[in-house]
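Novice: What follows is a single structure, and I will ask about it in a moment.
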Amino acid sequence: MAQNCAPFVSGEWLSETNRETRDNLSPATGAPVGTMVCATAEDARAAADAAAKAFPVWSALAPQQRARMLGTIAQRVQEAHEELSRLITTEQGKPLAEARMEMDGVIEMFEHFASVAETMPFRYERPDKGTNRTIDMIPAGPVIIITTWNFPVETAAVHLAPALAAGCTAVVIANNSTPASVARLIGLMHEAGLPEGAVNLLMGSSAMLSETLIKHPATRHLSYTGSVRVGRQLAAQCGAEIMRCTLELGGNAPAIVLPGADVEAAAKALISKRFWNAGQVCTAPNRIFVNRAQHDAFAEAAGAYVRNLVLGDGLQDATTMGPLATTERVASMQRIAEDALAKGATAIVNDSAPQEGGNWVSPKVFANVPWDALGLREEIFGPIACITPYDDLEAVIAEVNNCELALSGYVYGPDQAEAEAVGARLQVGSVAVNQLTTAYIDVPFGGIKQSGLGCVGGEAAVQEYLFPRLTAAAQ
């Protein structure tokens with residue numbers, strides 16, 4: 001049973017009195033697993049005021065003091081690791097093993113940015129004749145952080161940890177599909193000893209809350225992980241207020257399998273990531289291009305992998321793929337599958353979901369998918385693999401680069417240097433060559449084109465929340 005959750009403002013949980021409440025629904029059963037108290041516009045303004053009040057206190061601490069607090073938060077989260085993992089699975093649907101991996105990453109984020117705050121230079125000097133020039137990296141101010149549902153706790157932490165390391169305070173808007181796990185994280189952070197109002201939490205009408213916070217005179221930066229459509233809207237609102245923003249948006253990741261690649265290894269790697277979190281991953285291989293000579297063998301290997309997936313409730317030990325997080329994703333999967341078949345794709349795996357009462361979609365693999373199919377034109381974000389043969393590598397590279405969604409890409413080939421050369425030509429934010437990881441916590445990660453603005457990861461993530469202020473003093 002997911003815990004009931006409510007807004008958290010200035011160190012206090014708000015009651016449901018005079019506020020709307022909503023049921024949190026299980027993606028596995030469709031039944032309520034808790035209730036959510038929705039914040040009002042007045043609550044949003046109070047949260048921004050609280051973050052503004054806490055900002056001088058938090059930002060005045062030495063970076064090393066902030067680092068110690070982030071380390072303490074990591075310890076508290078570690079102690080609640082299993083509790084949070086089960087909350088994620090209950091309200092998001094992913095297998096418990098994957099939820100535990102998410103929590104491992106959350107702890108690593110707080111530990112990493114504690115280390116960054118401890119060591120990165122927040123002040124440096126540029127001496128000149130007659131003038132001492134000092135540059136202080138000053139925190140921007142209160143930050144708005146908007147989470148998403150596919151990695152609810154991770155997307156909160158990936159922005160919160162560097163923002164706090166920089167000296168900023170925050171107001172978090174939790175996604176309505178997964179509010180309880182984020183609420184528990186915020187509660188743990190407060191229990192760790194953050195100043196009152198340093199981190200606040202809202203939930204409810206995201207559009208109303210974000211607009212209210214963006215227009216509030218105290219807020220100075222917005223960080224969002226989610227769709228391109230919403231990202232555009234938020235960027236426009238921030239632009240009107242001359243507010244900086246960090247946006248990690250959607251992707252349409254290409255995967256290119258070069259001639260002579262180890263088909264079994266490439267299929268196992270790419271398809272495992274394709275179906276991680278039931279395909280609800282922005283960096284998942286979305287358009288899988290396989291040289292024609294190996295296309296059929298790759299498709300069969302992909303089918304063999306998918307047939308071994310066990311669809312079920314994420315809390316059950318045997319489950320390797322859970323339900324989708326929202327009902328909207330179920331309808332989208334039907335549309336993409338029907339389009340692929342109508343355009344001549346071959347169904348390698350296309351079973352019906354046996355479960356009822358939840359957001360169930362069985363994993364599907366389609367081969368010979370034409371280039372104009374929806375599964376290659378838009379982000380799938382669900383458990384469907386679209387595999388298409390190619391004869392001309394140059395045409396594939398041109399097709400890949402003729403896309404405005406440009407977050408990640410993958411290349412598999414027998415020659416490492418050749419595969420890296422192909423990867424270097426892909427217009428995406430990050431490329432994985434003969435392996436699967438495109439994002440690391442200690443180096444910058446982000447998208448280009450319509451896939452985002454700014455970076456998460458490493459010192460670059462902390463720099464998102466800092467401004468280089470010059471002091472030029474006579475010698």
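Residues are referred to by chain and number: the chain letter is A, B, ... according to the order shown in the structure tokens, the number counts from 1 in that chain, and ligands are numbered separately from 1 in the order shown.
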Identify, on the basis of only C-alpha atoms, every residue whose closest approach to Ser26 of chain A does not exceed 7 Å; exclude the query and any residue fewer than 4 positions from it along the same chain; express the result as a PyMOL selection string.
Specialist: chain A and resi 30-33+90-91
Novice: Using only C-alpha atoms, which protein or nucleic acid residues come within 8 Å of Ile348 of chain A? Drop anything in the same chain fewer than 2 positions from it, and give the result as a ChimeraX atom specification.
Specialist: /A:299-300,303,346,350,364-367
Novice: Those same residues, written as an mmCIF file, in the first residue's frame with N, CA and C atoms?
Specialist:
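Written output follows (selection10.cif):
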```cif
data_model
loop_
_atom_site.group_PDB
_atom_site.id
_atom_site.type_symbol
_atom_site.label_atom_id
_atom_site.label_comp_id
_atom_site.auth_asym_id
_atom_site.auth_seq_id
_atom_site.Cartn_x
_atom_site.Cartn_y
_atom_site.Cartn_z
ATOM 1 N N ALA A 299 16.541 -10.227 -35.718
ATOM 2 C CA ALA A 299 15.135 -10.222 -35.330
ATOM 3 C C ALA A 299 14.759 -11.489 -34.571
ATOM 4 N N GLU A 300 15.275 -12.632 -35.012
ATOM 5 C CA GLU A 300 14.970 -13.884 -34.316
ATOM 6 C C GLU A 300 15.603 -13.907 -32.928
ATOM 7 N N GLY A 303 13.489 -11.765 -30.774
ATOM 8 C CA GLY A 303 12.274 -12.475 -30.398
ATOM 9 C C GLY A 303 12.516 -13.491 -29.302
ATOM 10 N N THR A 346 6.785 -7.279 -40.173
ATOM 11 C CA THR A 346 6.631 -8.687 -39.814
ATOM 12 C C THR A 346 6.547 -8.811 -38.303
ATOM 13 N N ASN A 350 4.014 -10.886 -30.960
ATOM 14 C CA ASN A 350 2.888 -9.951 -30.923
ATOM 15 C C ASN A 350 1.726 -10.573 -30.153
ATOM 16 N N LYS A 364 6.430 -6.689 -27.628
ATOM 17 C CA LYS A 364 6.243 -6.965 -29.045
ATOM 18 C C LYS A 364 7.528 -6.678 -29.812
ATOM 19 N N VAL A 365 7.797 -7.504 -30.815
ATOM 20 C CA VAL A 365 8.950 -7.311 -31.697
ATOM 21 C C VAL A 365 8.461 -7.335 -33.129
ATOM 22 N N PHE A 366 8.763 -6.275 -33.879
ATOM 23 C CA PHE A 366 8.414 -6.202 -35.291
ATOM 24 C C PHE A 366 9.690 -6.062 -36.120
ATOM 25 N N ALA A 367 9.767 -6.829 -37.192
ATOM 26 C CA ALA A 367 10.893 -6.766 -38.124
ATOM 27 C C ALA A 367 10.407 -6.186 -39.453
#
```
Novice: Excluding same-chain residues fewer than 6 positions from Leu234 of chain A, what lies within 10 Å of it counting only C-alpha atoms, as a list in words?
Specialist: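 Here the qualifying residues turn out to be Ala207, Ser210, Glu211, Ile214, Leu222, Ser223, Tyr224, Val228, Ala240, Cys245 and Leu247 of chain A.
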Novice: Could you give me, as a PyMOL selection string, the residues within 12 Å of Asp23 of chain A, counting only C-alpha atoms and dropping anything in the same chain fewer than 5 positions from it?
Specialist: chain A and resi 2-6+30-38+91+176-180+204
Novice: Can you write just those residues out, N, CA and C atoms, as a compact mmCIF listing (two decimals), in the first residue's frame?
Specialist:
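Listed below is the output, part00.txt:
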```txt
# COMPACT_ATOMS: atom_id res chain seq x y z
N ALA A 2 0.77 2.06 -1.03
CA ALA A 2 1.54 3.28 -1.09
C ALA A 2 1.05 4.24 -0.02
N GLN A 3 1.96 5.01 0.55
CA GLN A 3 1.55 5.94 1.59
C GLN A 3 0.74 7.08 1.00
N ASN A 4 -0.16 7.63 1.79
CA ASN A 4 -0.84 8.85 1.38
C ASN A 4 0.17 9.97 1.37
N CYS A 5 -0.02 10.93 0.48
CA CYS A 5 1.00 11.97 0.35
C CYS A 5 0.34 13.33 0.20
N ALA A 6 1.08 14.35 0.59
CA ALA A 6 0.54 15.71 0.62
C ALA A 6 1.66 16.69 0.31
N GLY A 30 -5.18 -1.25 -11.26
CA GLY A 30 -6.12 -0.15 -11.46
C GLY A 30 -6.81 0.28 -10.20
N ALA A 31 -6.52 -0.38 -9.07
CA ALA A 31 -7.16 -0.06 -7.79
C ALA A 31 -6.37 1.02 -7.05
N PRO A 32 -7.04 1.76 -6.17
CA PRO A 32 -6.34 2.78 -5.38
C PRO A 32 -5.29 2.16 -4.46
N VAL A 33 -4.14 2.82 -4.37
CA VAL A 33 -3.09 2.37 -3.44
C VAL A 33 -2.70 3.50 -2.49
N GLY A 34 -3.46 4.58 -2.51
CA GLY A 34 -3.18 5.71 -1.63
C GLY A 34 -3.94 6.92 -2.12
N THR A 35 -3.81 8.01 -1.41
CA THR A 35 -4.44 9.26 -1.81
C THR A 35 -3.40 10.37 -1.87
N MET A 36 -3.70 11.37 -2.69
CA MET A 36 -2.81 12.50 -2.89
C MET A 36 -3.58 13.78 -2.58
N VAL A 37 -2.99 14.65 -1.80
CA VAL A 37 -3.58 15.96 -1.51
C VAL A 37 -3.02 16.96 -2.52
N CYS A 38 -3.90 17.62 -3.23
CA CYS A 38 -3.48 18.53 -4.30
C CYS A 38 -3.23 19.93 -3.76
N GLU A 91 3.56 2.19 -7.25
CA GLU A 91 2.83 3.23 -7.96
C GLU A 91 3.31 3.45 -9.39
N ASN A 176 1.87 13.35 -10.92
CA ASN A 176 0.67 12.83 -10.26
C ASN A 176 0.54 11.32 -10.30
N SER A 177 1.26 10.65 -11.20
CA SER A 177 1.21 9.19 -11.25
C SER A 177 2.08 8.55 -10.18
N THR A 178 3.08 9.29 -9.71
CA THR A 178 4.06 8.71 -8.77
C THR A 178 4.42 9.68 -7.66
N PRO A 179 3.44 10.20 -6.91
CA PRO A 179 3.77 11.23 -5.92
C PRO A 179 4.31 10.69 -4.61
N ALA A 180 3.91 9.47 -4.23
CA ALA A 180 4.24 8.98 -2.89
C ALA A 180 5.73 8.73 -2.72
N GLY A 204 -0.47 17.95 -7.81
CA GLY A 204 -1.81 18.35 -8.20
C GLY A 204 -1.83 18.78 -9.65
```
Novice: For Glu379 of chain A, which residue among A:Asn286, A:Asn401, A:Ser59, A:Gln450 is the nearest when counting only C-alpha atoms?
Specialist: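 The closest residue to Glu379 of chain A is A:Asn286.
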Novice: Which is closest to Ala46 of chain A among A:Leu202, A:Ile173, A:Ala302, A:Leu160, if we use only C-alpha atoms?
Specialist: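 Closest candidate: A:Leu202.
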Novice: Just how far from atom CA of Thr147 of chain A is atom CA of Thr326 of chain A, in Å to one decimal?
Specialist: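 Value for the atom CA of Thr326 of chain A-atom CA of Thr147 of chain A distance: 15.2 Å.
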Novice: Show me, as a Markdown table, the residues of segment 214-328 of chain A having an atom within 12 Å of segment 126-146 of chain A, each with the closest atom pair and its distance in Å, using only C-alpha atoms.
Specialist:
```
| residue | atom | partner | partner_atom | distance |
| --- | --- | --- | --- | --- |
| A:Ile214 | CA | A:Ile144 | CA | 7.8 |
| A:Lys215 | CA | A:Ile144 | CA | 11.2 |
| A:His216 | CA | A:Pro142 | CA | 10.4 |
| A:Pro217 | CA | A:Pro142 | CA | 10.0 |
| A:Ala218 | CA | A:Pro142 | CA | 6.7 |
| A:Thr219 | CA | A:Pro142 | CA | 4.9 |
| A:Arg220 | CA | A:Gly141 | CA | 5.4 |
| A:His221 | CA | A:Val143 | CA | 4.8 |
| A:Leu222 | CA | A:Ile144 | CA | 4.6 |
| A:Ser223 | CA | A:Ile145 | CA | 4.9 |
| A:Tyr224 | CA | A:Ile146 | CA | 4.9 |
| A:Thr225 | CA | A:Ile146 | CA | 6.7 |
| A:Gly226 | CA | A:Ile146 | CA | 8.5 |
| A:Ser227 | CA | A:Ile146 | CA | 11.5 |
| A:Val230 | CA | A:Ile146 | CA | 10.8 |
| A:Gly231 | CA | A:Ile146 | CA | 10.5 |
| A:Leu234 | CA | A:Ile146 | CA | 10.3 |
| A:Cys238 | CA | A:Ile144 | CA | 10.9 |
| A:Met243 | CA | A:Ala140 | CA | 10.1 |
| A:Arg244 | CA | A:Ala140 | CA | 9.3 |
| A:Cys245 | CA | A:Ile144 | CA | 9.1 |
| A:Thr246 | CA | A:Ile145 | CA | 9.4 |
| A:Leu247 | CA | A:Ile146 | CA | 9.9 |
| A:Glu248 | CA | A:Ile146 | CA | 10.8 |
| A:Leu249 | CA | A:Ile146 | CA | 12.0 |
```
Novice: Find the residues around Ser10 of chain A up to 6 Å (only C-alpha atoms counted), leave out those fewer than 4 positions away in its own chain, and share them as a list in words.
Specialist: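 Contacts, in chain order: Ala50, Glu196 and Gly197 of chain A.
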Novice: Which of these residues is nearest to Ala284 of chain A, using only C-alpha atoms: A:Thr471, A:Glu108, A:Ile384, A:Leu164?
Specialist: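 The shortest atom-to-atom distance to Ala284 of chain A comes from A:Ile384.
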Novice: Pick from A:Ala47, A:Leu258, A:Ala266, A:Cys168: nearest to Phe298 of chain A, with only C-alpha atoms counted?
Specialist: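 Once distances to Phe298 of chain A are computed over only C-alpha atoms, the minimum belongs to A:Ala266.
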Novice: As a CSV table (one decimal) with C-alpha atoms, in the first residue's frame, please: all residues of segment 150-285 of chain A that backbone DSSP puts in strand (DSSP E).
Specialist:
```csv
chain,number,residue,atom,x,y,z
A,170,ALA,CA,14.0,24.2,-4.4
A,171,VAL,CA,10.3,23.6,-5.0
A,172,VAL,CA,9.6,20.2,-6.4
A,173,ILE,CA,6.4,19.4,-8.4
A,199,VAL,CA,13.2,21.8,-0.3
A,200,ASN,CA,9.4,22.0,-0.7
A,201,LEU,CA,7.0,19.7,-2.5
A,202,LEU,CA,3.8,20.2,-4.5
A,221,HIS,CA,15.6,28.5,-12.5
A,222,LEU,CA,13.5,25.6,-13.8
A,223,SER,CA,14.6,22.0,-14.3
A,224,TYR,CA,12.4,19.6,-16.0
A,225,THR,CA,12.6,16.0,-17.2
A,244,ARG,CA,17.0,30.0,-17.2
A,245,CYS,CA,16.0,26.4,-17.5
A,246,THR,CA,17.4,22.9,-17.8
A,247,LEU,CA,15.4,20.5,-19.9
A,248,GLU,CA,16.0,16.8,-20.4
A,254,PRO,CA,18.9,5.2,-33.3
A,255,ALA,CA,20.8,1.9,-33.0
A,256,ILE,CA,22.9,0.8,-36.0
A,257,VAL,CA,24.2,-2.7,-36.3
```
Novice: When DSSP works through the backbone of this structure, what residues of segment 13-73 of chain A end up as helix (DSSP H, G or I), shown as a PyMOL selection string?
Specialist: chain A and resi 41-59+63-73
Novice: Write a file of the just-selected residues containing C-alpha atoms, as a short mmCIF file (atom, residue, chain, number, x, y, z; two decimals), in the first residue's frame.
Specialist:
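Below is the file that was written, out.cif:
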```cif
data_model
loop_
_atom_site.label_atom_id
_atom_site.label_comp_id
_atom_site.auth_asym_id
_atom_site.auth_seq_id
_atom_site.Cartn_x
_atom_site.Cartn_y
_atom_site.Cartn_z
CA ALA A 41 -1.98 28.22 -6.22
CA GLU A 42 -1.70 29.77 -2.76
CA ASP A 43 0.32 26.71 -1.67
CA ALA A 44 2.63 27.19 -4.64
CA ARG A 45 3.26 30.81 -3.73
CA ALA A 46 3.87 29.81 -0.11
CA ALA A 47 6.38 27.16 -1.27
CA ALA A 48 8.24 29.72 -3.37
CA ASP A 49 8.27 32.12 -0.41
CA ALA A 50 9.63 29.35 1.83
CA ALA A 51 12.39 28.52 -0.65
CA ALA A 52 13.25 32.22 -0.89
CA LYS A 53 13.42 32.53 2.89
CA ALA A 54 15.66 29.47 3.19
CA PHE A 55 17.94 30.52 0.32
CA PRO A 56 20.15 32.98 2.27
CA VAL A 57 20.62 30.35 4.99
CA TRP A 58 21.50 27.46 2.69
CA SER A 59 23.59 29.44 0.19
CA PRO A 63 30.39 24.21 0.02
CA GLN A 64 31.96 21.65 2.36
CA GLN A 65 29.05 22.06 4.79
CA ARG A 66 26.58 21.50 1.96
CA ALA A 67 28.60 18.46 0.95
CA ARG A 68 28.26 16.97 4.43
CA MET A 69 24.50 17.48 4.34
CA LEU A 70 24.26 15.75 0.95
CA GLY A 71 26.25 12.87 2.41
CA THR A 72 23.84 12.66 5.33
CA ILE A 73 20.90 12.61 2.91
#
```
Novice: Determine the nearest neighbour of Glu338 of chain A from the options A:Val361, A:Trp149, A:Ala304, A:Gly375, counting only C-alpha atoms.
Specialist: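 Using only C-alpha atoms, the shortest distance to Glu338 of chain A belongs to A:Gly375.
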